[in-house]
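For reference, the structure is listed below as structure tokens.
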There are 2 protein chains.
Amino acid sequence: MPTDLRLEPRDLPLLTDLYELTMAASYFQLGFNEPACFTLSVRRLPPQRGFLVAAGLERTLEALEDFQFSQAAIDSLEALKLFTPEFLHYLSSFRFTCEVDAIPEGTIFFAEEPILEVSGPLIEAQIVESLIMNQIGLATLIASKAARSVLAARGRRLVDFGLRRSQGVDAGLVAARSSYLAGFVGTSNVLAGCRYGIPLYGTMAHSYVMVHEREREAFEHFVELFPRLSTLVVDTYDTIRGVENAALVARNLRNKGLKLQAVRLDSGNLADLSIRARRILDQNGLQDVSIFASGNLDEYRIRDLVRAGAPIDAFGVGTAMVVSADAPSLDLVYKLAEYRGIPRLKTSANKATLPGRKQWFRAFNSSGGFYCDMIGLADEGAATVAREFRPPPVEVLPMMQPQFRQNRRLGSRPSLAESRERLLESMAKLEQRYKDLDKPAAYPVKYTAALNAMLINERMRTERRQS
Amino acid sequence: MPTDLRLEPRDLPLLTDLYELTMAASYFQLGFNEPACFTLSVRRLPPQRGFLVAAGLERTLEALEDFQFSQAAIDSLEALKLFTPEFLHYLSSFRFTCEVDAIPEGTIFFAEEPILEVSGPLIEAQIVESLIMNQIGLATLIASKAARSVLAARGRRLVDFGLRRSQGVDAGLVAARSSYLAGFVGTSNVLAGCRYGIPLYGTMAHSYVMVHEREREAFEHFVELFPRLSTLVVDTYDTIRGVENAALVARNLRNKGLKLQAVRLDSGNLADLSIRARRILDQNGLQDVSIFASGNLDEYRIRDLVRAGAPIDAFGVGTAMVVSADAPSLDLVYKLAEYRGIPRLKTSANKATLPGRKQWFRAFNSSGGFYCDMIGLADEGAATVAREFRPPPVEVLPMMQPQFRQNRRLGSRPSLAESRERLLESMAKLEQRYKDLDKPAAYPVKYTAALNAMLINERMRTERRQS
């Protein structure tokens with residue numbers, strides 16, 4: 001019997017908002033299926049965020065390759081009694097044939113910059129909206145949040161411990177993947193480790209200590225069986241006595257050639273406890289035993305601990321990172337930018353959009369740093385746009401790349417490890433003031449003269465659309 | 001080629017934290033597999049929350065029925081080079097045989113009260129921790145958040161529009177299900193509608209208006225094709241002109257026997273715009289056309305709109321509800337309470353737990369309202385505990401019920417609609433002061449004398465566990 005937690009490829013096309021299908025049915029009936037372009041972007045950065053990190057593209061493109069309505073899905077739709085047999089027949093042979101251009105995973109980007117554009121038959125481009133937003137939105141949200149902990153930790157290791165508090169099983173997988181992309185060293189999530197090749201980490205739960213009659217006995221048992229993973233949780237009862245017990249066990253086991261890896265602090269004043277734990281370990285000649293900290297950590301607490309000089313070697317980060325607690329959603333939108341070759345835009349209060357198929361450009365200086373981005377039109381070239389930047393750049397790169405053509409992902413895809421590497425390199429080149437955790441400076445994002453001209457033109461044109 | 005968004009039943013056992021498996025391997029090696037009891041509860045209510053609504057049990061129990069390590073899963077674990085062949089062999093025949101007692105979905109509950117207890121062989125009870133926490137946590141989080149919008153709306157209809165901003169595909173499904181449980185009338189999420197029998201709702205996107213050369217033409221097309229679902233989004237350009245266009249179209253189509261259902265406001269000052277829209281519709285004899293509002297709504301904005309007398313008939317609620325924006329996680333824990341018949345507890349700073357197998361009791365007064373809960377031990381009876389309540393109750397009910405025995409869910413399960421009905425009835429019986437959206441009063445939750453005595457005893461006992 002299949003579990004309700006299942007999600008099979010054939011379920012994907014139904015993972016959509018009803019209006020995508022009613023609009024599609026209407027377009028089908030009206031014969032509206034000429035080329036359209038939709039743009040995915042974040043309207044405004046969340047509070048405290050100076051930048052975002054793109055993620056989720058690979059999972060999304062893979063889903064688009066597989067996007068097909070099964071007979072079971074068609075039957076479910078038929079039962080709704082909303083659609084004509086002709087439209088259901090059309091859906092049964094539906095394939096996603098649009099072109100997708102996007103910034104690669106691990107790209108640092110800012111508000112309004114297109115993350116992705118879908119160009120192709122209107123119905124196809126419309127029907128994938130909910131899925132694309134859901135997936136790119138979540139992965140980008142978490143990668144952007146996790147990158148902040150990486151900045152705060154200043155080289156100390158970070159591990160994702162968030163599965164249990166993530167918002168569902170898909171979120172747990174995405175959190176592991178996005179945090180690794182952002183610079184974490186691994187995850188506790190076994191399925192994510194196996195599926196994405198992310199290094200797996202684990203310590204022990206308090207219950208392990210509690211099922212033993214003596215804490216020390218629990219420690220001995222665990223180190224003997226899993227020396228390589230021997231991180232002992234020392235705060236089940238009194239933390240300092242727990243560290244002393246861990247030290248005692250470590251000394252005894254050293255004679256047997258077994259090494260304790262770390263102790264884990266999971267509650268209380270971590271700055272104070274880590275200093276006292278370090279002292280106890282050192283006094284026992286256990287300089288090589290690390291201190292691992294966890295328990296409601298986020299980038300702010302990690303920064304404070306690092307600044308306070310707490311001798312913590314690694315952090316387990318869970319809840320706050322995996323739900324992006326201080327900003328649990330992105331103001332992400334997927335908006336029609338062009339139809340039948342004509343630019344389109346909406347002019348709703350505070351929700352206006354940019355018309356036309358677009359590209360965006362990043363200007364680099366002589367030290368490889370980037371200092372300004374410019375959103376332009378798809379047919380503008382980097383060489384031309386370069387002239388619009390002040391001060392003049394050493395290099396200008398177009399940021400969106402072809403990703404999906406003729407029903408397939410293009411070329412050789414970057415591995416997760418490669419995307420991670422690329423992000424860490426870019427991050428090092430982003431000026432510190434944009435990376436401030438509390439009050440980041442606003443990175444300059446401008447429009448090219450051509451886009452500005454189109455905006456003015458098209459705003460006037462919308463007047464007529466309501467007459 | 002299977003998509004990466006897939007989640008098959010055989011993947012579930014790997015959706016766990018590595019330490020669950022290393023601890024299990026250690027228990028297997030040590031021969032530690034006697035009866036254990038783990039308790040799932042929320043340590044503290046999130047800020048602004050006066051109560052929580054239990055959800056997610058049915059999906060979780062269904063997953064536990066299916067919980068099996070496939071050969072592929074065993075192969076993945078073998079590749080980690082952490083586990084012995086004997087342990088992997090044990091996993092390959094693993095079934096979840098524990099007993100589960102839990103409060104039914106739709107039960108209102110408070111901090112510290114057990115949501116669920118798992119009793120059975122230590123390894124089995126330990127290994128399902130991450131999955132149970134992930135699923136019950138998310139579903140309960142969203143149901144609790146959505147119930148607040150239901151309170152704020154005072155009878156106006158609410159529809160879940162959150163799929164695109166939910167944290168992943170699983171979260172999208174759970175949000176639709178949990179919000180319906182909490183009193184929403186339906187969802188836009190097609191898969192959730194089909195899977196859970198939730199009524200489906202849809203309006204139209206701005207893109208529908210934008211692909212047409214004229215707004216009015218878009219409105220006509222949509223009403224003609226989907227009269228039953230004809231909610232026209234009127235804020236693509238200027239909202240008031242949009243309402244006027246909708247009214248014009250509605251009047252023209254009335255002659256053809258077609259009825260416009262509603263207009264949808266999605267931006268701007270909704271209180272002001274809804275009054276102006278109502279006036280325009282009424283002036284056109286369209287008193288039967290509803291006003292639907294959406295756009296960054298949450299329980300606070302809905303309350304303010306209702307209080308301001310905005311003539312809005314229904315609300316589409318998305319982002320803030322589906323990510324539980326003001327409290328995106330629960331302080332949920334799954335803690336060992338008993339092993340080998342001996343109560344267990346941890347005494348970590350601010351993270352202490354309650355020992356022993358438990359039950360909890362709710363006291364009702366003569367008008368059917370409930371006014372105090374008491375957490376006790378599993379072997380205490382409601383009749384005995386009743387004597388401990390002040391003032392004396394008319395009725396006392398034990399809240400956790402047997403749910404899972406011998407590898408199967410018990411008896412006839414409540415349908416989602418039944419759980420929804422039960423919740424709405426309980427909610428009506430909960431005093432208003434506990435339902436305040438900003439500063440709810442703290443509902444009284446006490447311990448029975450027997451649990452208090454055990455707590456004192458066991459705290460002293462833990463002293464010895466560190467010696």
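Within each chain, counting starts at residue 1; across the structure tokens, chains are named A, B, ... in the order shown, with ligands numbered 1 upward in that order.
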
**Item:** Which of stretch 376-464 of chain B fall in helix (DSSP H, G or I), as a PyMOL selection string
**Value:** chain B and resi 382-386+416-429+432-434+449-464

So that I can see what lies close to B:Glu65, please list as a PDB file with C-alpha atoms, in the first residue's frame the residues with an atom at most 12 Å from it, counting only C-alpha atoms and leaving out residues fewer than 5 positions away in the same chain.
```
ATOM      1  CA  MET A   1       0.000   0.000   0.000  1.00  0.00           C
ATOM      2  CA  PRO A   2       1.575   3.258  -1.051  1.00  0.00           C
ATOM      3  CA  THR A   3       2.116   5.745   1.712  1.00  0.00           C
ATOM      4  CA  ASP A   4       0.571   9.129   1.652  1.00  0.00           C
ATOM      5  CA  LEU A   5       4.044  10.613   1.986  1.00  0.00           C
TER       6      LEU A   5
ATOM      7  CA  PRO B   9       7.797   4.560   0.333  1.00  0.00           C
ATOM      8  CA  ARG B  10      11.134   2.768   0.223  1.00  0.00           C
ATOM      9  CA  LEU B  12      11.217   6.780   4.006  1.00  0.00           C
ATOM     10  CA  PRO B  13      13.458   4.766   6.338  1.00  0.00           C
ATOM     11  CA  GLU B  58      -2.936   9.934   9.854  1.00  0.00           C
ATOM     12  CA  ARG B  59      -0.168  10.562   7.310  1.00  0.00           C
ATOM     13  CA  THR B  60       2.412   9.553   9.919  1.00  0.00           C
ATOM     14  CA  PHE B  94      12.756  -4.353  10.151  1.00  0.00           C
ATOM     15  CA  ARG B  95       9.069  -3.681  10.784  1.00  0.00           C
ATOM     16  CA  PHE B  96       7.603  -1.094  13.102  1.00  0.00           C
ATOM     17  CA  THR B  97       5.773  -3.113  15.778  1.00  0.00           C
ATOM     18  CA  CYS B  98       5.524  -0.497  18.521  1.00  0.00           C
ATOM     19  CA  GLU B  99       2.264   0.703  20.006  1.00  0.00           C
ATOM     20  CA  VAL B 100       1.303   4.304  19.334  1.00  0.00           C
ATOM     21  CA  VAL B 128      11.260   6.596  13.626  1.00  0.00           C
ATOM     22  CA  GLN B 403      -3.913   4.440  17.453  1.00  0.00           C
ATOM     23  CA  PHE B 404      -1.519   1.776  16.261  1.00  0.00           C
ATOM     24  CA  ARG B 405      -1.151  -1.867  17.320  1.00  0.00           C
ATOM     25  CA  GLN B 406       0.492  -4.887  15.724  1.00  0.00           C
ATOM     26  CA  ASN B 407       1.881  -3.047  12.758  1.00  0.00           C
ATOM     27  CA  ARG B 408      -1.447  -1.505  11.759  1.00  0.00           C
ATOM     28  CA  ARG B 409      -3.574   1.537  12.412  1.00  0.00           C
ATOM     29  CA  LEU B 410      -6.451   0.713  14.673  1.00  0.00           C
TER      30      LEU B 410
END
```

**Minimum-distance residue to chain B, chosen among A:Glu418, A:Glu34, A:Glu112, A:Glu388 (using only C-alpha atoms)** =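 Residue with the minimum atom-to-atom distance to chain B: A:Glu34.
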
**Asked** What's the 12 Å shell around B:Ala363, counting only C-alpha atoms, without same-chain residues fewer than 5 positions away, as a VMD selection string?
**Response** chain B and resid 368 to 375 382 to 383 385 to 399 430 444 to 446

**Message:** Quick check: residues of chain A within 6 Å of chain B, only C-alpha atoms, returned as JSON, numbers by chain.
**Reply:** {"A": [3, 4, 6, 7, 8, 9, 14, 15, 16, 17, 18, 19, 59, 62, 63, 130, 133, 134, 138, 164, 165, 167, 168, 170, 171, 188, 189, 190, 191, 202, 203, 204, 207, 213, 214, 215, 235, 236, 237, 268, 336, 346, 347, 348, 349, 465, 466]}

**Asked** Which residues come within 9 Å of A:Gly50, counting only C-alpha atoms, excluding same-chain residues fewer than 3 positions away, as an MDAnalysis selection string?
**Response** chainID A and resid 45:47 110 433:443

**Prompt:** Could you name the residues that touch stretch 150-160 of chain B at 9 Å or less, counting only C-alpha atoms, but leaving out those on the same chain fewer than 6 positions away, as a VMD selection string?
**Reply:** chain B and resid 175 to 176 179 to 180 182 to 189 200 to 201 299 to 306 312 to 318 321 to 322 435 437

Writing out the chosen residues with N, CA and C atoms as an mmCIF file, in the first residue's frame:
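Output (part-v1.cif):
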```cif
data_model
loop_
_atom_site.group_PDB
_atom_site.id
_atom_site.type_symbol
_atom_site.label_atom_id
_atom_site.label_comp_id
_atom_site.auth_asym_id
_atom_site.auth_seq_id
_atom_site.Cartn_x
_atom_site.Cartn_y
_atom_site.Cartn_z
ATOM 1 N N ALA B 175 0.034 21.802 3.951
ATOM 2 C CA ALA B 175 -0.621 23.088 4.229
ATOM 3 C C ALA B 175 -2.075 23.048 3.788
ATOM 4 N N ALA B 176 -2.329 22.472 2.615
ATOM 5 C CA ALA B 176 -3.705 22.373 2.138
ATOM 6 C C ALA B 176 -4.541 21.529 3.099
ATOM 7 N N SER B 179 -4.857 23.273 6.711
ATOM 8 C CA SER B 179 -5.706 24.460 6.746
ATOM 9 C C SER B 179 -7.171 24.060 6.568
ATOM 10 N N TYR B 180 -7.427 23.032 5.774
ATOM 11 C CA TYR B 180 -8.803 22.544 5.654
ATOM 12 C C TYR B 180 -9.265 21.989 7.008
ATOM 13 N N ALA B 182 -8.352 22.951 9.794
ATOM 14 C CA ALA B 182 -8.531 24.082 10.708
ATOM 15 C C ALA B 182 -9.764 24.910 10.393
ATOM 16 N N GLY B 183 -10.434 24.636 9.281
ATOM 17 C CA GLY B 183 -11.666 25.375 8.997
ATOM 18 C C GLY B 183 -11.675 26.146 7.693
ATOM 19 N N PHE B 184 -10.583 26.124 6.938
ATOM 20 C CA PHE B 184 -10.624 26.699 5.599
ATOM 21 C C PHE B 184 -11.666 25.926 4.784
ATOM 22 N N VAL B 185 -12.197 26.571 3.729
ATOM 23 C CA VAL B 185 -13.207 25.861 2.937
ATOM 24 C C VAL B 185 -12.602 25.097 1.769
ATOM 25 N N GLY B 186 -11.341 25.364 1.452
ATOM 26 C CA GLY B 186 -10.746 24.648 0.333
ATOM 27 C C GLY B 186 -9.346 25.137 0.026
ATOM 28 N N THR B 187 -8.837 24.653 -1.095
ATOM 29 C CA THR B 187 -7.460 24.942 -1.496
ATOM 30 C C THR B 187 -7.388 25.105 -3.009
ATOM 31 N N SER B 188 -6.331 25.753 -3.456
ATOM 32 C CA SER B 188 -6.061 25.821 -4.891
ATOM 33 C C SER B 188 -5.170 24.667 -5.347
ATOM 34 N N ASN B 189 -4.661 23.893 -4.395
ATOM 35 C CA ASN B 189 -3.679 22.844 -4.679
ATOM 36 C C ASN B 189 -4.394 21.607 -5.234
ATOM 37 N N LEU B 200 -11.774 22.244 -4.270
ATOM 38 C CA LEU B 200 -10.791 23.039 -5.014
ATOM 39 C C LEU B 200 -11.359 24.392 -5.422
ATOM 40 N N TYR B 201 -10.543 25.409 -5.266
ATOM 41 C CA TYR B 201 -10.922 26.756 -5.655
ATOM 42 C C TYR B 201 -9.856 27.343 -6.567
ATOM 43 N N GLU B 299 -3.706 36.347 9.726
ATOM 44 C CA GLU B 299 -4.816 36.507 10.675
ATOM 45 C C GLU B 299 -4.923 37.935 11.185
ATOM 46 N N TYR B 300 -3.810 38.638 11.275
ATOM 47 C CA TYR B 300 -3.852 40.007 11.796
ATOM 48 C C TYR B 300 -4.524 40.937 10.793
ATOM 49 N N ARG B 301 -4.125 40.824 9.529
ATOM 50 C CA ARG B 301 -4.739 41.677 8.508
ATOM 51 C C ARG B 301 -6.204 41.306 8.292
ATOM 52 N N ILE B 302 -6.510 40.035 8.338
ATOM 53 C CA ILE B 302 -7.911 39.617 8.182
ATOM 54 C C ILE B 302 -8.742 40.199 9.329
ATOM 55 N N ARG B 303 -8.245 40.103 10.546
ATOM 56 C CA ARG B 303 -8.965 40.671 11.691
ATOM 57 C C ARG B 303 -9.214 42.163 11.498
ATOM 58 N N ASP B 304 -8.167 42.866 11.059
ATOM 59 C CA ASP B 304 -8.305 44.314 10.883
ATOM 60 C C ASP B 304 -9.331 44.642 9.802
ATOM 61 N N LEU B 305 -9.312 43.883 8.716
ATOM 62 C CA LEU B 305 -10.288 44.122 7.639
ATOM 63 C C LEU B 305 -11.713 43.836 8.115
ATOM 64 N N VAL B 306 -11.872 42.757 8.860
ATOM 65 C CA VAL B 306 -13.207 42.406 9.363
ATOM 66 C C VAL B 306 -13.686 43.482 10.333
ATOM 67 N N ILE B 312 -15.774 42.278 2.430
ATOM 68 C CA ILE B 312 -15.065 41.178 1.763
ATOM 69 C C ILE B 312 -15.734 39.871 2.175
ATOM 70 N N ASP B 313 -16.060 39.042 1.193
ATOM 71 C CA ASP B 313 -16.798 37.812 1.478
ATOM 72 C C ASP B 313 -15.893 36.614 1.701
ATOM 73 N N ALA B 314 -14.712 36.652 1.122
ATOM 74 C CA ALA B 314 -13.816 35.505 1.230
ATOM 75 C C ALA B 314 -12.375 35.977 1.060
ATOM 76 N N PHE B 315 -11.474 35.229 1.685
ATOM 77 C CA PHE B 315 -10.052 35.579 1.653
ATOM 78 C C PHE B 315 -9.228 34.420 1.080
ATOM 79 N N GLY B 316 -8.283 34.743 0.232
ATOM 80 C CA GLY B 316 -7.284 33.772 -0.188
ATOM 81 C C GLY B 316 -6.054 33.994 0.666
ATOM 82 N N VAL B 317 -5.635 32.952 1.365
ATOM 83 C CA VAL B 317 -4.508 33.109 2.287
ATOM 84 C C VAL B 317 -3.364 32.218 1.823
ATOM 85 N N GLY B 318 -2.200 32.799 1.688
ATOM 86 C CA GLY B 318 -1.085 32.037 1.149
ATOM 87 C C GLY B 318 0.106 32.013 2.081
ATOM 88 N N MET B 321 0.413 31.996 6.039
ATOM 89 C CA MET B 321 -0.184 30.813 6.663
ATOM 90 C C MET B 321 0.650 29.563 6.395
ATOM 91 N N VAL B 322 1.030 29.342 5.141
ATOM 92 C CA VAL B 322 1.671 28.061 4.825
ATOM 93 C C VAL B 322 3.080 27.924 5.367
ATOM 94 N N LYS B 435 -7.946 32.438 22.976
ATOM 95 C CA LYS B 435 -7.912 32.532 21.510
ATOM 96 C C LYS B 435 -7.470 33.901 21.019
ATOM 97 N N LEU B 437 -5.420 36.749 19.551
ATOM 98 C CA LEU B 437 -4.345 36.590 18.563
ATOM 99 C C LEU B 437 -3.022 37.193 19.019
#
```

**Request:** Using only C-alpha atoms, determine which residues lie at most 8 Å from B:Leu232, disregarding the query and same-chain residues fewer than 3 positions distant; provide the list as a PyMOL selection string.
**Result:** chain B and resi 203-204+219+246+262-264

**Prompt:** Rounded to one decimal in Å, what is the spacing between atom CA of A:Gln71 and atom CA of A:Gly120?
**Reply:**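 Interatomic distance here is 24.9 Å.
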